[in-house]
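Source file: run_5.txt (compact mmCIF, C-alpha atoms)
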# COMPACT_ATOMS: atom_id res chain seq x y z
CA MET E 1 51.82 192.44 -54.42
CA ALA E 2 48.78 192.46 -52.10
CA SER E 3 48.46 188.67 -52.18
CA ARG E 4 52.14 188.32 -51.28
CA ALA E 5 51.69 190.69 -48.36
CA ARG E 6 48.72 188.69 -47.07
CA ALA E 7 50.67 185.43 -47.39
CA LYS E 8 53.54 186.92 -45.37
CA ALA E 9 51.16 188.17 -42.69
CA GLY E 10 49.44 184.80 -42.47
CA PRO E 11 45.74 183.95 -42.58
CA ARG E 12 43.30 186.51 -41.27
CA PRO E 13 41.76 185.10 -38.04
CA ASN E 14 38.03 184.48 -37.88
CA GLY E 15 37.76 184.09 -34.08
CA ILE E 16 37.31 180.30 -34.15
CA VAL E 17 39.60 178.22 -31.95
CA THR E 18 39.36 174.42 -32.02
CA LEU E 19 40.64 172.26 -29.19
CA LEU E 20 42.07 168.73 -29.33
CA THR E 21 43.60 167.16 -26.21
CA ASP E 22 44.09 163.93 -24.29
CA PHE E 23 42.69 165.53 -21.12
CA GLY E 24 39.36 163.68 -21.16
CA THR E 25 36.08 165.15 -20.03
CA GLY E 26 36.06 163.78 -16.48
CA GLY E 27 38.29 166.54 -15.12
CA VAL E 28 38.56 170.31 -15.38
CA PHE E 29 41.67 170.64 -17.56
CA ALA E 30 39.86 171.22 -20.86
CA GLY E 31 37.44 173.63 -19.20
CA ILE E 32 40.27 175.62 -17.65
CA MET E 33 41.91 175.99 -21.07
CA LYS E 34 38.63 177.39 -22.39
CA GLY E 35 38.52 179.81 -19.47
CA VAL E 36 41.96 181.17 -20.34
CA LEU E 37 41.04 181.43 -24.02
CA LEU E 38 37.94 183.45 -23.17
CA ARG E 39 39.82 185.55 -20.62
CA VAL E 40 42.22 186.67 -23.34
CA ASN E 41 39.64 186.82 -26.14
CA PRO E 42 36.08 187.02 -24.79
CA LEU E 43 34.73 186.94 -28.35
CA ALA E 44 36.43 183.67 -29.30
CA ARG E 45 34.24 180.89 -30.69
CA LEU E 46 35.44 177.59 -29.24
CA VAL E 47 34.94 174.21 -30.93
CA ASP E 48 35.86 170.93 -29.22
CA LEU E 49 37.33 168.53 -31.75
CA THR E 50 37.94 165.95 -29.03
CA HIS E 51 39.40 165.59 -25.57
CA GLU E 52 39.39 161.80 -25.78
CA ILE E 53 42.76 161.13 -27.43
CA PRO E 54 44.27 158.16 -25.56
CA PRO E 55 46.67 159.52 -22.93
CA HIS E 56 50.10 160.45 -24.38
CA ASP E 57 49.18 159.06 -27.83
CA VAL E 58 50.74 161.71 -30.04
CA LEU E 59 50.17 159.75 -33.26
CA ALA E 60 46.44 159.34 -32.62
CA GLY E 61 46.17 163.05 -31.89
CA ALA E 62 48.08 163.94 -35.06
CA LEU E 63 45.90 161.71 -37.23
CA LEU E 64 42.65 163.10 -35.85
CA LEU E 65 43.87 166.67 -36.12
CA ARG E 66 44.84 166.09 -39.75
CA SER E 67 41.40 164.61 -40.44
CA ALA E 68 39.65 167.74 -39.16
CA VAL E 69 41.54 170.87 -40.13
CA ARG E 70 40.48 171.11 -43.77
CA TYR E 71 36.80 171.37 -42.85
CA PHE E 72 37.10 174.69 -40.99
CA PRO E 73 36.85 178.20 -42.42
CA ALA E 74 39.99 180.11 -43.37
CA GLY E 75 41.57 181.82 -40.37
CA THR E 76 40.72 179.14 -37.80
CA VAL E 77 43.22 178.56 -34.99
CA HIS E 78 43.70 174.90 -34.09
CA LEU E 79 44.95 174.32 -30.54
CA ALA E 80 46.24 170.79 -29.87
CA VAL E 81 47.74 169.43 -26.66
CA VAL E 82 48.96 165.85 -26.38
CA ASP E 83 52.15 166.59 -24.57
CA PRO E 84 53.97 163.82 -22.67
CA GLY E 85 57.15 165.95 -22.79
CA VAL E 86 55.62 168.98 -21.05
CA GLY E 87 58.20 170.83 -18.96
CA GLY E 88 61.09 169.20 -20.83
CA THR E 89 63.20 170.35 -23.74
CA ARG E 90 60.55 170.16 -26.48
CA ARG E 91 59.63 173.52 -27.99
CA ALA E 92 56.20 175.12 -27.99
CA LEU E 93 55.04 176.11 -31.47
CA ALA E 94 52.70 178.37 -33.35
CA LEU E 95 52.64 177.97 -37.12
CA ALA E 96 50.83 178.94 -40.28
CA ALA E 97 49.75 176.18 -42.64
CA GLY E 98 47.45 176.71 -45.58
CA ASP E 99 44.76 179.11 -44.41
CA ALA E 100 44.96 178.00 -40.76
CA LEU E 101 47.06 178.59 -37.65
CA LEU E 102 48.17 175.71 -35.42
CA VAL E 103 49.39 175.88 -31.84
CA GLY E 104 50.86 173.04 -29.76
CA PRO E 105 53.98 171.17 -28.68
CA ASP E 106 56.81 170.42 -31.10
CA ASN E 107 56.56 166.65 -30.72
CA GLY E 108 55.05 165.78 -34.11
CA LEU E 109 51.47 166.42 -33.01
CA LEU E 110 50.99 169.28 -35.48
CA SER E 111 53.09 167.85 -38.29
CA LEU E 112 50.57 165.72 -40.20
CA ALA E 113 47.98 168.50 -40.32
CA ALA E 114 50.58 171.15 -41.13
CA ASN E 115 52.06 169.14 -43.99
CA ALA E 116 48.60 168.30 -45.35
CA LEU E 117 47.67 172.00 -45.43
CA GLY E 118 51.09 173.19 -46.58
CA ILE E 119 53.19 174.74 -43.83
CA SER E 120 54.49 178.23 -44.56
CA ARG E 121 55.99 179.55 -41.32
CA ALA E 122 56.65 178.29 -37.81
CA HIS E 123 57.64 180.15 -34.65
CA ALA E 124 58.82 178.90 -31.28
CA ILE E 125 56.76 180.42 -28.48
CA ASP E 126 58.95 182.57 -26.21
CA ILE E 127 57.79 181.20 -22.87
CA ALA E 128 59.80 183.69 -20.80
CA LYS E 129 58.18 186.58 -22.64
CA LEU E 130 54.78 184.98 -22.22
CA ALA E 131 55.35 184.46 -18.48
CA ALA E 132 55.84 188.18 -17.93
CA ARG E 133 52.32 188.88 -19.18
CA LYS E 134 50.65 186.36 -16.80
CA PHE E 135 47.72 185.60 -19.09
CA SER E 136 46.50 182.77 -16.87
CA GLY E 137 46.83 184.81 -13.69
CA GLY E 138 49.98 183.25 -12.28
CA PRO E 139 53.35 181.68 -13.07
CA ILE E 140 53.72 179.17 -15.89
CA SER E 141 53.32 175.63 -14.62
CA GLN E 142 55.77 172.95 -15.72
CA THR E 143 52.90 170.48 -15.99
CA PHE E 144 50.09 172.46 -17.66
CA HIS E 145 51.32 174.32 -20.73
CA GLY E 146 47.86 173.88 -22.23
CA ARG E 147 46.62 176.47 -19.75
CA ASP E 148 49.65 178.72 -19.39
CA VAL E 149 51.30 178.66 -22.84
CA PHE E 150 49.17 177.26 -25.64
CA ALA E 151 45.76 178.68 -24.71
CA PRO E 152 46.99 182.29 -24.29
CA VAL E 153 48.89 182.17 -27.59
CA ALA E 154 45.96 180.62 -29.47
CA ALA E 155 43.66 183.30 -28.06
CA GLN E 156 46.01 186.09 -29.12
CA LEU E 157 46.30 184.68 -32.63
CA SER E 158 42.50 184.45 -32.86
CA MET E 159 42.41 188.22 -32.22
CA GLY E 160 44.82 189.00 -35.03
CA VAL E 161 48.10 189.28 -33.11
CA PRO E 162 50.88 188.64 -35.67
CA LEU E 163 52.33 185.15 -35.67
CA ALA E 164 55.88 186.52 -35.56
CA SER E 165 55.16 188.20 -32.20
CA VAL E 166 55.01 184.90 -30.30
CA GLY E 167 58.73 184.17 -30.72
CA PRO E 168 61.55 183.46 -33.17
CA ALA E 169 61.06 181.72 -36.51
CA VAL E 170 62.21 178.09 -36.51
CA GLU E 171 62.82 175.29 -38.98
CA ASN E 172 63.37 171.53 -38.69
CA LEU E 173 60.21 170.77 -36.75
CA GLU E 174 59.61 167.37 -35.22
CA GLU E 175 57.66 165.26 -37.71
CA LEU E 176 55.77 162.00 -37.45
CA ARG E 177 56.41 159.53 -40.21
CA LEU E 178 53.53 157.20 -40.97
CA PRO E 179 54.46 153.70 -42.11
CA VAL E 180 54.34 153.34 -45.89
CA CYS E 181 52.59 150.33 -47.41
CA ARG E 182 54.36 148.14 -49.95
CA ALA E 183 52.30 148.20 -53.13
CA GLY E 184 52.82 146.25 -56.32
CA ALA E 185 50.91 144.90 -59.29
CA ARG E 186 49.90 141.67 -57.48
CA ALA E 187 49.67 142.50 -53.77
CA ILE E 188 49.84 145.24 -51.17
CA THR E 189 51.13 144.87 -47.63
CA GLY E 190 50.03 147.52 -45.17
CA GLN E 191 49.15 147.93 -41.53
CA VAL E 192 46.58 149.36 -39.16
CA ILE E 193 47.50 152.92 -38.15
CA HIS E 194 44.45 153.83 -36.09
CA VAL E 195 41.52 152.22 -34.29
CA ASP E 196 38.50 154.49 -33.96
CA ARG E 197 35.93 154.43 -31.15
CA PHE E 198 33.74 152.00 -33.13
CA GLY E 199 36.60 149.50 -33.40
CA ASN E 200 37.10 150.13 -37.11
CA LEU E 201 40.65 149.40 -38.24
CA ILE E 202 42.01 152.25 -40.37
CA THR E 203 44.98 151.23 -42.48
CA ASN E 204 47.76 153.08 -44.32
CA VAL E 205 46.48 151.79 -47.68
CA ALA E 206 45.03 154.55 -49.86
CA LEU E 207 42.85 154.22 -52.94
CA SER E 208 45.85 155.29 -55.03
CA ASP E 209 47.75 152.27 -53.67
CA LEU E 210 44.90 149.94 -54.54
CA ARG E 211 44.87 151.23 -58.09
CA GLN E 212 48.39 149.88 -58.54
CA LEU E 213 46.96 146.37 -58.47
CA GLY E 214 46.54 145.06 -62.02
CA GLY E 215 42.93 145.40 -63.22
CA PHE E 216 41.79 146.88 -59.90
CA SER E 217 38.09 147.25 -59.14
CA GLU E 218 36.26 147.13 -55.81
CA ASP E 219 35.11 143.53 -56.37
CA SER E 220 38.42 142.27 -57.75
CA VAL E 221 40.45 142.33 -54.53
CA TYR E 222 40.52 140.52 -51.22
CA VAL E 223 41.69 141.90 -47.87
CA SER E 224 43.20 139.60 -45.28
CA ILE E 225 43.95 140.30 -41.63
CA HIS E 226 44.67 138.01 -38.72
CA GLY E 227 43.90 134.87 -40.74
CA GLU E 228 40.54 136.05 -42.09
CA ARG E 229 39.74 137.13 -45.64
CA ILE E 230 37.27 139.68 -46.98
CA ASP E 231 36.38 139.51 -50.66
CA GLY E 232 35.78 142.90 -52.24
CA ILE E 233 35.49 146.46 -51.01
CA VAL E 234 31.95 147.67 -50.30
CA PRO E 235 30.63 151.21 -50.92
CA ALA E 236 28.77 151.49 -47.58
CA TYR E 237 28.34 149.66 -44.27
CA ALA E 238 24.68 149.08 -45.06
CA THR E 239 25.52 146.84 -48.01
CA VAL E 240 26.39 143.91 -45.71
CA PRO E 241 24.31 142.18 -43.02
CA GLU E 242 24.64 143.20 -39.38
CA GLY E 243 27.67 141.54 -37.80
CA ALA E 244 29.35 140.91 -41.17
CA LEU E 245 33.00 141.71 -41.75
CA LEU E 246 33.71 144.29 -44.46
CA ALA E 247 36.38 146.40 -46.13
CA ILE E 248 35.59 149.96 -47.15
CA ILE E 249 37.27 153.21 -48.19
CA GLY E 250 36.47 155.41 -45.20
CA SER E 251 36.15 159.14 -44.68
CA TRP E 252 39.94 159.52 -44.40
CA GLU E 253 40.16 158.07 -47.94
CA LEU E 254 42.01 155.07 -46.55
CA LEU E 255 41.09 151.39 -46.51
CA GLU E 256 39.25 150.39 -43.34
CA ILE E 257 38.26 147.01 -41.97
CA ALA E 258 35.05 146.98 -39.97
CA VAL E 259 32.21 144.86 -38.62
CA ARG E 260 28.79 146.29 -39.35
CA ASN E 261 27.33 147.44 -36.04
CA GLY E 262 30.21 145.61 -34.36
CA ASN E 263 33.84 146.03 -33.36
CA ALA E 264 36.58 144.75 -35.67
CA ALA E 265 39.35 145.47 -33.16
CA HIS E 266 37.66 143.23 -30.59
CA ARG E 267 36.87 140.55 -33.15
CA PHE E 268 40.50 140.21 -34.21
CA GLY E 269 42.14 141.22 -30.95
CA VAL E 270 44.43 143.59 -32.84
CA THR E 271 45.50 147.20 -32.52
CA ARG E 272 47.76 149.66 -34.30
CA GLY E 273 50.51 147.95 -36.26
CA ALA E 274 48.52 144.85 -37.22
CA ARG E 275 49.50 143.60 -40.69
CA VAL E 276 47.04 143.76 -43.58
CA ARG E 277 47.38 142.21 -47.04
CA ILE E 278 45.43 143.09 -50.16
CA GLY E 279 45.58 140.96 -53.28
CA ALA E 280 43.80 140.34 -56.56
CA ILE E 281 41.13 137.66 -56.77
CA ARG E 282 41.52 135.37 -59.75
CA ALA E 283 38.50 135.80 -61.97
CA ALA E 284 38.13 132.06 -62.51
CA GLY E 285 38.61 131.25 -58.89
CA ARG E 286 36.30 133.57 -57.04
CA ARG E 287 33.73 130.92 -56.26
CA ALA E 288 36.42 128.54 -55.12
CA GLY E 289 37.98 131.22 -52.96
CA ARG E 290 41.34 131.12 -54.73
CA ARG E 291 43.54 134.22 -54.78
CA ASP E 292 46.86 135.32 -56.16
Output the file's structure in the form of structure tokens.
Amino acid sequence: MASRARAKAGPRPNGIVTLLTDFGTGGVFAGIMKGVLLRVNPLARLVDLTHEIPPHDVLAGALLLRSAVRYFPAGTVHLAVVDPGVGGTRRALALAAGDALLVGPDNGLLSLAANALGISRAHAIDIAKLAARKFSGGPISQTFHGRDVFAPVAAQLSMGVPLASVGPAVENLEELRLPVCRAGARAITGQVIHVDRFGNLITNVALSDLRQLGGFSEDSVYVSIHGERIDGIVPAYATVPEGALLAIIGSWELLEIAVRNGNAAHRFGVTRGARVRIGAIRAAGRRAGRRD
């Protein structure tokens, strides 16, 4: 009975609030959000995940948020703002997923992390109710909900304010759908879904997909992209010479294409959506470079 009661109440906050935005660090927007957070909860512990999401790139923000949330203690509040629809009809959300709380716009930004953790409840933030309390010291701006809506709510949740108090429960949230690779016994066709700051090309091909290839092992497959082929998947960047092209299972547990101490995105001139093919190398034809 006690465990059910705790699940209904949501995770117990630990005072940590993470921030992920596309605001950059050259302006004051991220700093102002921190000011509001600390104004509402002076004891909050703030962690910058990143403020360098490409402007308006909701998918990049969602992927990076998903990559980070599982590494924080139970009760962490994750505040994310990549919000090209600010001031429009999109809802503002606060939700419980796994042992975390997430706050941000209902444009898919929270969906990958929430689904990875296991979403349990979601509430639409009642902006009119929030406006009456004037947490940020003035009226709610139609262009800066990070300051006037999301930061105050995240701060309240970090203090233990019940999730249900922010507004009505909602269902049918906006969700991002990542492209699914086509995997078979002889070949896999996937695509690049993210380019990191090192120019590494992160694909939608997981290790579980690779294992569908007949007789799969790291040295039994080739990876081709943009007319070039990589034989085998290496365990670490350091196993190839500097400047060499490589394929590796990265920290997201997805296949990545990289250049050691270089930039694969620049080398190929590709970005998100670029096609990738993985196939089995014929045992008798590896020296000759043949492939299935």
Using 12 Å as the limit and counting only C-alpha atoms, can you tabulate each residue of range 13-84 of chain E that touches range 88-98 of chain E, with its shortest atom-to-atom distance in Å and the two atoms involved, as CSV?
residue,atom,partner,partner_atom,distance
E:Pro13,CA,E:Ala96,CA,11.2
E:Arg66,CA,E:Ala97,CA,11.6
E:Val69,CA,E:Gly98,CA,9.9
E:Arg70,CA,E:Gly98,CA,9.1
E:Phe72,CA,E:Gly98,CA,11.5
E:Pro73,CA,E:Gly98,CA,11.2
E:Ala74,CA,E:Gly98,CA,8.5
E:Gly75,CA,E:Gly98,CA,9.4
E:Thr76,CA,E:Ala96,CA,10.4
E:Val77,CA,E:Ala96,CA,9.3
E:His78,CA,E:Ala94,CA,9.7
E:Leu79,CA,E:Ala94,CA,9.2
E:Ala80,CA,E:Leu93,CA,10.4
E:Val81,CA,E:Ala92,CA,10.3
E:Val82,CA,E:Ala92,CA,11.9
E:Asp83,CA,E:Arg90,CA,9.3
E:Pro84,CA,E:Gly88,CA,9.1
The distance between CA of Leu20 in chain E and CA of Leu64 in chain E is 8.6 Å
Please identify all polymer residues within 6 Å of Ile16 in chain E, counting all atoms listed in the file, omitting same-chain residues fewer than 3 positions from it, and present them as a list in words.
Ala44, Arg45, Leu46 and Thr76 of chain E
What is the distance between CA of Ala60 in chain E and CA of Val47 in chain E, in Å to one decimal?
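So the answer is 18.9 Å.
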If we count all atoms listed in the file and set the cut-off at 10 Å, which residues sit around Gly61 in chain E, ignoring sequence neighbours fewer than 2 positions away in its own chain? Please answer as a tab-separated table (two decimals) with C-alpha atoms, keeping the file's coordinate frame.
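Below is the file that was written, selection_8.tsv:
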chain	number	residue	atom	x	y	z
E	20	LEU	CA	42.07	168.73	-29.33
E	21	THR	CA	43.60	167.16	-26.21
E	22	ASP	CA	44.09	163.93	-24.29
E	50	THR	CA	37.94	165.95	-29.03
E	51	HIS	CA	39.40	165.59	-25.57
E	52	GLU	CA	39.39	161.80	-25.78
E	53	ILE	CA	42.76	161.13	-27.43
E	54	PRO	CA	44.27	158.16	-25.56
E	55	PRO	CA	46.67	159.52	-22.93
E	56	HIS	CA	50.10	160.45	-24.38
E	57	ASP	CA	49.18	159.06	-27.83
E	58	VAL	CA	50.74	161.71	-30.04
E	59	LEU	CA	50.17	159.75	-33.26
E	63	LEU	CA	45.90	161.71	-37.23
E	64	LEU	CA	42.65	163.10	-35.85
E	65	LEU	CA	43.87	166.67	-36.12
E	66	ARG	CA	44.84	166.09	-39.75
E	67	SER	CA	41.40	164.61	-40.44
E	80	ALA	CA	46.24	170.79	-29.87
E	81	VAL	CA	47.74	169.43	-26.66
E	82	VAL	CA	48.96	165.85	-26.38
E	108	GLY	CA	55.05	165.78	-34.11
E	109	LEU	CA	51.47	166.42	-33.01
E	110	LEU	CA	50.99	169.28	-35.48
E	112	LEU	CA	50.57	165.72	-40.20
